[in-house]
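To be precise, the following lines are coords.cif, and they hold mmCIF, C-alpha atoms.
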data_run
#
loop_
_atom_site.group_PDB
_atom_site.id
_atom_site.type_symbol
_atom_site.label_atom_id
_atom_site.label_comp_id
_atom_site.auth_asym_id
_atom_site.auth_seq_id
_atom_site.Cartn_x
_atom_site.Cartn_y
_atom_site.Cartn_z
ATOM 1 C CA MET P 3 72.339 26.530 21.956
ATOM 2 C CA LYS P 4 74.443 23.523 22.826
ATOM 3 C CA MET P 5 73.440 19.919 23.161
ATOM 4 C CA ALA P 6 72.752 18.905 26.764
ATOM 5 C CA ARG P 7 72.117 15.186 26.447
ATOM 6 C CA VAL P 8 71.100 12.274 24.261
ATOM 7 C CA ILE P 9 68.393 10.103 25.830
ATOM 8 C CA LEU P 10 68.409 6.404 25.028
ATOM 9 C CA PHE P 11 65.440 4.307 26.126
ATOM 10 C CA THR P 12 66.463 0.856 27.286
ATOM 11 C CA GLY P 13 65.006 -2.331 28.696
ATOM 12 C CA GLN P 14 68.560 -3.362 29.670
ATOM 13 C CA MET P 15 69.528 -0.728 32.232
ATOM 14 C CA ASP P 16 72.251 -2.864 33.829
ATOM 15 C CA ALA P 17 73.911 -3.865 30.539
ATOM 16 C CA MET P 18 73.663 -0.347 29.116
ATOM 17 C CA SER P 19 75.017 1.219 32.342
ATOM 18 C CA LYS P 20 77.942 -1.190 32.324
ATOM 19 C CA PHE P 21 78.633 -0.452 28.653
ATOM 20 C CA TYR P 22 78.650 3.345 28.956
ATOM 21 C CA GLY P 23 80.280 3.362 32.413
ATOM 22 C CA GLU P 24 82.770 0.489 32.466
ATOM 23 C CA VAL P 25 83.371 -0.376 28.820
ATOM 24 C CA LEU P 26 83.461 3.155 27.363
ATOM 25 C CA GLY P 27 84.749 4.625 30.639
ATOM 26 C CA LEU P 28 82.249 7.501 31.005
ATOM 27 C CA LYS P 29 81.656 8.882 34.492
ATOM 28 C CA GLN P 30 78.156 8.290 35.847
ATOM 29 C CA VAL P 31 76.836 11.619 37.157
ATOM 30 C CA THR P 32 73.165 10.837 37.921
ATOM 31 C CA SER P 33 71.479 7.714 39.226
ATOM 32 C CA GLU P 34 67.747 7.779 39.884
ATOM 33 C CA LYS P 35 65.077 5.116 39.541
ATOM 34 C CA GLY P 36 64.823 4.449 35.808
ATOM 35 C CA TRP P 37 67.314 7.211 34.889
ATOM 36 C CA LYS P 38 71.120 7.332 34.722
ATOM 37 C CA GLU P 39 73.320 9.976 33.128
ATOM 38 C CA PHE P 40 76.927 9.747 32.004
ATOM 39 C CA ALA P 41 79.258 12.684 31.358
ATOM 40 C CA ALA P 42 80.401 12.631 27.741
ATOM 41 C CA GLY P 43 82.437 15.783 27.220
ATOM 42 C CA GLY P 44 80.179 18.747 26.445
ATOM 43 C CA ALA P 45 76.994 16.665 26.689
ATOM 44 C CA ARG P 46 75.549 13.768 28.639
ATOM 45 C CA ILE P 47 74.182 10.390 27.653
ATOM 46 C CA ALA P 48 71.027 9.608 29.624
ATOM 47 C CA LEU P 49 69.581 6.113 29.952
ATOM 48 C CA HIS P 50 65.817 6.049 30.529
ATOM 49 C CA SER P 51 64.074 2.800 31.410
ATOM 50 C CA GLY P 52 61.577 1.710 28.791
ATOM 51 C CA PRO P 53 61.583 -0.292 25.589
ATOM 52 C CA SER P 54 64.369 0.530 23.182
ATOM 53 C CA SER P 55 63.464 1.083 19.566
ATOM 54 C CA PRO P 56 66.475 2.101 17.525
ATOM 55 C CA GLY P 57 65.203 2.954 14.073
ATOM 56 C CA ARG P 58 66.758 2.290 10.720
ATOM 57 C CA LYS P 59 68.401 5.718 10.937
ATOM 58 C CA GLY P 60 68.202 6.385 14.658
ATOM 59 C CA PRO P 61 70.514 8.634 16.658
ATOM 60 C CA LYS P 62 74.228 7.987 16.488
ATOM 61 C CA ILE P 63 76.441 9.009 19.353
ATOM 62 C CA VAL P 64 79.871 10.081 18.125
ATOM 63 C CA PHE P 65 82.901 10.176 20.401
ATOM 64 C CA HIS P 66 85.915 12.226 19.333
ATOM 65 C CA ALA P 67 89.289 10.472 19.306
ATOM 66 C CA LYS P 68 92.640 11.830 18.161
ATOM 67 C CA ASP P 69 93.750 8.249 17.426
ATOM 68 C CA VAL P 70 90.698 6.229 16.373
ATOM 69 C CA ALA P 71 92.566 2.919 15.976
ATOM 70 C CA SER P 72 94.130 3.084 19.452
ATOM 71 C CA LEU P 73 90.854 3.999 21.154
ATOM 72 C CA ARG P 74 89.025 1.267 19.216
ATOM 73 C CA ALA P 75 91.584 -1.329 20.364
ATOM 74 C CA ALA P 76 91.278 -0.243 24.011
ATOM 75 C CA LEU P 77 87.463 -0.329 23.929
ATOM 76 C CA VAL P 78 87.291 -3.693 22.138
ATOM 77 C CA ALA P 79 89.604 -5.103 24.821
ATOM 78 C CA ARG P 80 86.984 -3.995 27.389
ATOM 79 C CA GLY P 81 84.124 -5.675 25.509
ATOM 80 C CA ALA P 82 82.865 -3.072 23.028
ATOM 81 C CA LYS P 83 81.825 -4.138 19.526
ATOM 82 C CA PHE P 84 83.276 -2.043 16.683
ATOM 83 C CA GLY P 85 83.842 -2.654 12.992
ATOM 84 C CA LYS P 86 86.977 -1.832 11.068
ATOM 85 C CA VAL P 87 88.612 1.593 11.178
ATOM 86 C CA ARG P 88 87.877 3.472 7.951
ATOM 87 C CA HIS P 89 90.176 6.201 6.635
ATOM 88 C CA GLY P 90 88.839 8.982 4.428
ATOM 89 C CA GLU P 91 90.757 11.796 2.781
ATOM 90 C CA ILE P 92 90.090 14.141 5.711
ATOM 91 C CA PHE P 93 88.943 11.938 8.594
ATOM 92 C CA CYS P 94 89.132 8.526 10.232
ATOM 93 C CA LEU P 95 86.181 6.743 11.855
ATOM 94 C CA CYS P 96 84.927 3.456 13.223
ATOM 95 C CA ASP P 97 81.302 2.365 13.779
ATOM 96 C CA GLY P 98 79.937 0.176 16.553
ATOM 97 C CA LYS P 99 76.797 -0.520 18.576
ATOM 98 C CA ASP P 100 75.841 -0.504 22.226
ATOM 99 C CA PRO P 101 74.042 -3.493 23.809
ATOM 100 C CA ASP P 102 70.619 -2.209 22.664
ATOM 101 C CA GLY P 103 71.804 -1.801 19.062
ATOM 102 C CA ASN P 104 72.105 1.995 19.089
ATOM 103 C CA PRO P 105 74.824 3.114 16.657
ATOM 104 C CA ILE P 106 77.951 4.689 18.113
ATOM 105 C CA GLN P 107 81.030 5.976 16.331
ATOM 106 C CA LEU P 108 84.620 6.946 17.024
ATOM 107 C CA SER P 109 85.799 9.825 14.811
ATOM 108 C CA ASN P 110 88.777 12.146 14.644
ATOM 109 C CA ARG P 111 86.701 15.036 13.268
#

In structure tokens, what does this structure look like?
Amino acid sequence: MKMARVILFTGQMDAMSKFYGEVLGLKQVTSEKGWKEFAAGGARIALHSGPSSPGRKGPKIVFHAKDVASLRAALVARGAKFGKVRHGEIFCLCDGKDPDGNPIQLSNR
């Protein structure tokens, strides 16, 4: 099996669409009433209209980046919110959130 999509419920379809499409630069591949999908490499991120309810340990969408710091800088310049880049012994990552508060991450692993 391979992951097909992550579905995020949102009451802010316009803000979330702008974030995933314009800020993160993902290509929108589906647009139906209450449903939009964005190509994200081997999977898609789907936005479904309805109340969002990110939990204390809800889903986290991770985007691969060879150079986490450079990608973070480019995305922050376009309006994304990310914390500091953290370097581990094996990997580098940076956490952020989309407009609904869903956790997202940039990682080189």

query: Smallest atom-to-atom distance to Gly23 of chain P: which of P:Phe40, P:Phe84, P:Phe93, P:Phe65, using all atoms listed in the file?
result: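 Among P:Phe40, P:Phe84, P:Phe93, P:Phe65, it is P:Phe40 that comes nearest to Gly23 of chain P.
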
- request: Determine the residue membership of the PyMOL selection byres ((chain P and resi 52) around 6) for the file above and supply it as a list in words.
  value: Phe11, Thr12, Gly13, Ser51 and Pro53 of chain P

- request: Could you check how far atom CA of Ala67 of chain P sits from atom CA of Leu108 of chain P, in Å to one decimal?
  value: 6.3 Å

field: Pick from P:Gly44, P:His50, P:Gly27, P:Asn110 nearest to Ser72 of chain P, counting only C-alpha atoms
entry: P:Asn110

task: Just say which residues the PyMOL selection byres ((chain P and resi 111) around 12) picks in this file, as a list in words.
output: Val64, Phe65, His66, Ala67, Lys68, Asp69, Val70, His89, Gly90, Glu91, Ile92, Phe93, Cys94, Leu95, Cys96, Gln107, Leu108, Ser109 and Asn110 of chain P

- prompt: Contacts of Met18 of chain P at 12 Å or less, counting all atoms listed in the file, minus same-chain residues fewer than 4 places along, as a list in words?
  reply: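 So the residues in contact are Leu10, Phe11, Thr12, Gly13, Gln14, Tyr22, Gly23, Glu24, Val25, Leu26, Leu28, Gln30, Trp37, Lys38, Glu39, Phe40, Ile47, Ala48, Leu49, His50, Ser51, Ser54, Ala82, Lys99, Asp100, Pro101, Asp102, Gly103 and Asn104 of chain P.
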
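Take atom CA of Thr32 of chain P and atom CA of Lys62 of chain P: the distance between them is 21.6 Å.
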
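The space between atom CA of Ala79 of chain P and atom CA of Gly98 of chain P spans 13.8 Å.
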
Can you give me N, CA, C and O atoms for segment 77-97 of chain P, written as a CSV table (one decimal), in the coordinates of the input?
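Result saved to selection.csv:
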chain,number,residue,atom,x,y,z
P,77,LEU,N,88.9,-0.1,23.6
P,77,LEU,CA,87.5,-0.3,23.9
P,77,LEU,C,87.1,-1.8,23.6
P,77,LEU,O,86.3,-2.4,24.3
P,78,VAL,N,87.6,-2.3,22.5
P,78,VAL,CA,87.3,-3.7,22.1
P,78,VAL,C,87.8,-4.6,23.2
P,78,VAL,O,87.2,-5.6,23.6
P,79,ALA,N,89.0,-4.3,23.8
P,79,ALA,CA,89.6,-5.1,24.8
P,79,ALA,C,88.7,-5.1,26.1
P,79,ALA,O,88.8,-6.1,26.9
P,80,ARG,N,87.9,-4.1,26.2
P,80,ARG,CA,87.0,-4.0,27.4
P,80,ARG,C,85.6,-4.5,27.1
P,80,ARG,O,84.7,-4.4,27.9
P,81,GLY,N,85.4,-5.0,25.8
P,81,GLY,CA,84.1,-5.7,25.5
P,81,GLY,C,83.2,-4.9,24.5
P,81,GLY,O,82.2,-5.4,24.2
P,82,ALA,N,83.7,-3.8,24.0
P,82,ALA,CA,82.9,-3.1,23.0
P,82,ALA,C,82.9,-3.8,21.7
P,82,ALA,O,83.9,-4.5,21.4
P,83,LYS,N,81.9,-3.6,20.9
P,83,LYS,CA,81.8,-4.1,19.5
P,83,LYS,C,81.9,-3.0,18.5
P,83,LYS,O,81.1,-2.2,18.4
P,84,PHE,N,83.0,-3.0,17.7
P,84,PHE,CA,83.3,-2.0,16.7
P,84,PHE,C,83.7,-2.8,15.4
P,84,PHE,O,84.4,-3.8,15.5
P,85,GLY,N,83.4,-2.2,14.3
P,85,GLY,CA,83.8,-2.7,13.0
P,85,GLY,C,85.2,-2.2,12.7
P,85,GLY,O,86.0,-1.7,13.6
P,86,LYS,N,85.6,-2.2,11.5
P,86,LYS,CA,87.0,-1.8,11.1
P,86,LYS,C,87.1,-0.3,11.1
P,86,LYS,O,86.1,0.4,10.8
P,87,VAL,N,88.3,0.2,11.3
P,87,VAL,CA,88.6,1.6,11.2
P,87,VAL,C,88.6,1.9,9.7
P,87,VAL,O,89.3,1.2,8.9
P,88,ARG,N,87.9,3.0,9.3
P,88,ARG,CA,87.9,3.5,8.0
P,88,ARG,C,88.6,4.8,7.8
P,88,ARG,O,88.3,5.7,8.6
P,89,HIS,N,89.4,5.0,6.9
P,89,HIS,CA,90.2,6.2,6.6
P,89,HIS,C,89.6,6.9,5.4
P,89,HIS,O,89.6,6.3,4.3
P,90,GLY,N,89.2,8.2,5.6
P,90,GLY,CA,88.8,9.0,4.4
P,90,GLY,C,90.0,9.9,4.1
P,90,GLY,O,91.0,9.9,4.7
P,91,GLU,N,89.7,10.8,3.2
P,91,GLU,CA,90.8,11.8,2.8
P,91,GLU,C,91.0,12.8,3.9
P,91,GLU,O,92.1,13.2,4.1
P,92,ILE,N,90.0,13.1,4.7
P,92,ILE,CA,90.1,14.1,5.7
P,92,ILE,C,90.0,13.6,7.1
P,92,ILE,O,90.5,14.1,8.1
P,93,PHE,N,89.3,12.4,7.3
P,93,PHE,CA,88.9,11.9,8.6
P,93,PHE,C,89.1,10.4,8.7
P,93,PHE,O,89.3,9.7,7.7
P,94,CYS,N,89.0,9.9,9.9
P,94,CYS,CA,89.1,8.5,10.2
P,94,CYS,C,88.0,8.2,11.2
P,94,CYS,O,87.7,9.0,12.1
P,95,LEU,N,87.3,7.1,11.0
P,95,LEU,CA,86.2,6.7,11.9
P,95,LEU,C,86.0,5.2,12.0
P,95,LEU,O,86.6,4.5,11.2
P,96,CYS,N,85.2,4.9,12.9
P,96,CYS,CA,84.9,3.5,13.2
P,96,CYS,C,83.5,3.4,13.8
P,96,CYS,O,83.2,4.1,14.8
P,97,ASP,N,82.7,2.5,13.3
P,97,ASP,CA,81.3,2.4,13.8
P,97,ASP,C,81.2,1.1,14.7
P,97,ASP,O,81.8,0.1,14.5
